[in-house]
file entry-v8.cif (mmCIF, C-alpha atoms; chains and numbers go by the auth columns)
data_data
#
loop_
_atom_site.group_PDB
_atom_site.id
_atom_site.type_symbol
_atom_site.label_atom_id
_atom_site.label_comp_id
_atom_site.label_asym_id
_atom_site.label_seq_id
_atom_site.Cartn_x
_atom_site.Cartn_y
_atom_site.Cartn_z
_atom_site.B_iso_or_equiv
_atom_site.auth_seq_id
_atom_site.auth_asym_id
ATOM 1 C CA MET A 1 0.000 0.000 0.000 0.00 280 A
ATOM 2 C CA GLU A 2 1.455 3.341 -1.028 0.00 281 A
ATOM 3 C CA SER A 3 1.171 6.199 1.465 0.00 282 A
ATOM 4 C CA GLU A 4 -0.072 9.497 0.147 0.00 283 A
ATOM 5 C CA ILE A 5 0.393 12.559 2.298 0.00 284 A
ATOM 6 C CA PRO A 6 -2.957 14.315 2.569 0.00 285 A
ATOM 7 C CA LYS A 7 -2.968 18.059 1.957 0.00 286 A
ATOM 8 C CA ASN A 8 -5.740 18.779 4.483 0.00 287 A
ATOM 9 C CA GLY A 9 -8.987 17.419 5.833 0.00 288 A
ATOM 10 C CA LEU A 10 -9.711 14.457 8.075 0.00 289 A
ATOM 11 C CA VAL A 11 -7.741 11.207 8.322 0.00 290 A
ATOM 12 C CA ARG A 12 -8.479 7.839 9.916 0.00 291 A
ATOM 13 C CA VAL A 13 -6.170 5.985 12.286 0.00 292 A
ATOM 14 C CA SER A 14 -4.998 3.598 9.556 0.00 293 A
ATOM 15 C CA THR A 15 -3.602 6.564 7.605 0.00 294 A
ATOM 16 C CA ILE A 16 -2.027 8.125 10.693 0.00 295 A
ATOM 17 C CA LEU A 17 -0.171 4.910 11.526 0.00 296 A
ATOM 18 C CA GLN A 18 1.498 5.018 8.099 0.00 297 A
ATOM 19 C CA PHE A 19 3.247 8.229 9.209 0.00 298 A
ATOM 20 C CA VAL A 20 3.563 7.789 12.992 0.00 299 A
ATOM 21 C CA PRO A 21 5.563 4.638 13.821 0.00 300 A
ATOM 22 C CA VAL A 22 3.540 3.343 16.777 0.00 301 A
ATOM 23 C CA SER A 23 1.081 0.487 17.202 0.00 302 A
ATOM 24 C CA LYS A 24 -2.656 1.057 17.196 0.00 303 A
ATOM 25 C CA ALA A 25 -2.775 0.296 20.943 0.00 304 A
ATOM 26 C CA THR A 26 -0.004 2.823 21.650 0.00 305 A
ATOM 27 C CA TRP A 27 -1.794 5.403 19.513 0.00 306 A
ATOM 28 C CA TRP A 28 -5.068 5.023 21.434 0.00 307 A
ATOM 29 C CA ALA A 29 -3.266 5.049 24.793 0.00 308 A
ATOM 30 C CA GLY A 30 -1.514 8.276 23.730 0.00 309 A
ATOM 31 C CA VAL A 31 -4.838 9.828 22.711 0.00 310 A
ATOM 32 C CA LYS A 32 -6.267 8.904 26.118 0.00 311 A
ATOM 33 C CA THR A 33 -3.358 10.479 28.025 0.00 312 A
ATOM 34 C CA GLY A 34 -3.210 13.582 25.806 0.00 313 A
ATOM 35 C CA ARG A 35 0.145 12.727 24.206 0.00 314 A
ATOM 36 C CA PHE A 36 -1.528 12.562 20.780 0.00 315 A
ATOM 37 C CA PRO A 37 -4.286 14.806 19.325 0.00 316 A
ATOM 38 C CA GLN A 38 -7.909 14.287 20.284 0.00 317 A
ATOM 39 C CA PRO A 39 -10.149 12.707 17.625 0.00 318 A
ATOM 40 C CA ILE A 40 -13.333 13.913 15.993 0.00 319 A
ATOM 41 C CA LYS A 41 -16.251 11.452 16.185 0.00 320 A
ATOM 42 C CA LEU A 42 -18.232 11.393 12.933 0.00 321 A
ATOM 43 C CA GLY A 43 -20.466 8.539 14.055 0.00 322 A
ATOM 44 C CA PRO A 44 -20.603 5.650 16.504 0.00 323 A
ATOM 45 C CA ARG A 45 -17.883 3.723 14.630 0.00 324 A
ATOM 46 C CA THR A 46 -16.138 6.492 12.703 0.00 325 A
ATOM 47 C CA THR A 47 -13.290 8.416 14.287 0.00 326 A
ATOM 48 C CA CYS A 48 -11.028 10.875 12.465 0.00 327 A
ATOM 49 C CA TRP A 49 -8.368 13.458 13.188 0.00 328 A
ATOM 50 C CA TYR A 50 -7.649 16.768 11.528 0.00 329 A
ATOM 51 C CA TRP A 51 -4.636 16.285 9.254 0.00 330 A
ATOM 52 C CA GLN A 52 -3.128 19.558 10.469 0.00 331 A
ATOM 53 C CA ASP A 53 -3.080 18.176 14.044 0.00 332 A
ATOM 54 C CA ILE A 54 -1.261 15.063 12.839 0.00 333 A
ATOM 55 C CA LEU A 55 1.156 17.122 10.753 0.00 334 A
ATOM 56 C CA SER A 56 1.978 19.222 13.828 0.00 335 A
ATOM 57 C CA LEU A 57 2.646 15.998 15.751 0.00 336 A
ATOM 58 C CA ILE A 58 4.935 14.668 13.010 0.00 337 A
ATOM 59 C CA GLU A 59 6.871 17.934 13.043 0.00 338 A
ATOM 60 C CA LYS A 60 7.621 17.395 16.771 0.00 339 A
ATOM 61 C CA PRO A 61 9.655 14.165 16.663 0.00 340 A
ATOM 62 C CA GLN A 62 10.366 14.251 20.426 0.00 341 A
ATOM 63 C CA VAL A 63 6.670 13.496 21.094 0.00 342 A
ATOM 64 C CA VAL A 64 6.669 10.487 18.764 0.00 343 A
ATOM 65 C CA ASP A 65 10.094 9.337 20.025 0.00 344 A
ATOM 66 C CA SER A 66 8.889 9.398 23.631 0.00 345 A
ATOM 67 C CA ALA A 67 5.919 7.235 22.636 0.00 346 A
ATOM 68 C CA LEU A 68 8.328 4.663 21.232 0.00 347 A
ATOM 69 C CA THR A 69 10.518 4.520 24.341 0.00 348 A
ATOM 70 C CA GLN A 70 7.934 4.686 27.140 0.00 349 A
ATOM 71 C CA PRO A 71 4.506 3.039 27.226 0.00 350 A
ATOM 72 C CA ALA A 72 1.651 5.540 27.405 0.00 351 A
ATOM 73 C CA GLY A 73 0.179 5.952 30.844 0.00 352 A
ATOM 74 C CA LEU A 74 3.390 5.187 32.737 0.00 353 A
ATOM 75 C CA SER A 75 5.013 8.264 34.189 0.00 354 A
ATOM 76 C CA ASN A 76 7.856 6.240 35.693 0.00 355 A
ATOM 77 C CA PRO A 77 8.879 2.835 34.331 0.00 356 A
ATOM 78 C CA PRO A 78 8.852 0.018 36.920 0.00 357 A
ATOM 79 C CA HIS A 79 12.158 -0.843 38.551 0.00 358 A
ATOM 80 C CA CYS A 80 13.528 -4.364 38.093 0.00 359 A
#

call {"tool": "encode", "arguments": {"input": "entry-v8.cif", "output": "structure tokens"}}
result
Amino acid sequence: MESEIPKNGLVRVSTILQFVPVSKATWWAGVKTGRFPQPIKLGPRTTCWYWQDILSLIEKPQVVDSALTQPAGLSNPPHC
């Protein structure tokens, strides 16, 4: 599947995950904690995000990098 960068509008999670290298579970956990942008509900089973919000996230690699190194919801990793 070839990824096309949208110019504007709304995007679904499947499109976002082509540009943000996290799992779907990590994405939703980040949305819940406020690490990632809040979605727009179009219907009971349709959730989208504004592309400009996602583009702003992509332009801040430290936010995405922190999602890759620390699970969402954990402020301090457990000690072994």

call {"tool": "resolve_selection", "arguments": {"input": "entry-v8.cif", "expression": "the PyMOL selection byres ((chain A and resi 323-338) around 6)", "output": "list in words"}}
result
Asn287, Gly288, Leu289, Val290, Arg291, Pro318, Ile319, Lys320, Leu321, Gly322, Lys339 and Pro340 of chain A

call {"tool": "atom_distance", "arguments": {"input": "entry-v8.cif", "atom1": "atom CA of Gln317 of chain A", "atom2": "atom CA of Ile295 of chain A"}}
result
12.8 Å

call {"tool": "atom_distance", "arguments": {"input": "entry-v8.cif", "atom1": "atom CA of Ser302 of chain A", "atom2": "atom CA of Lys286 of chain A"}}
result
23.6 Å
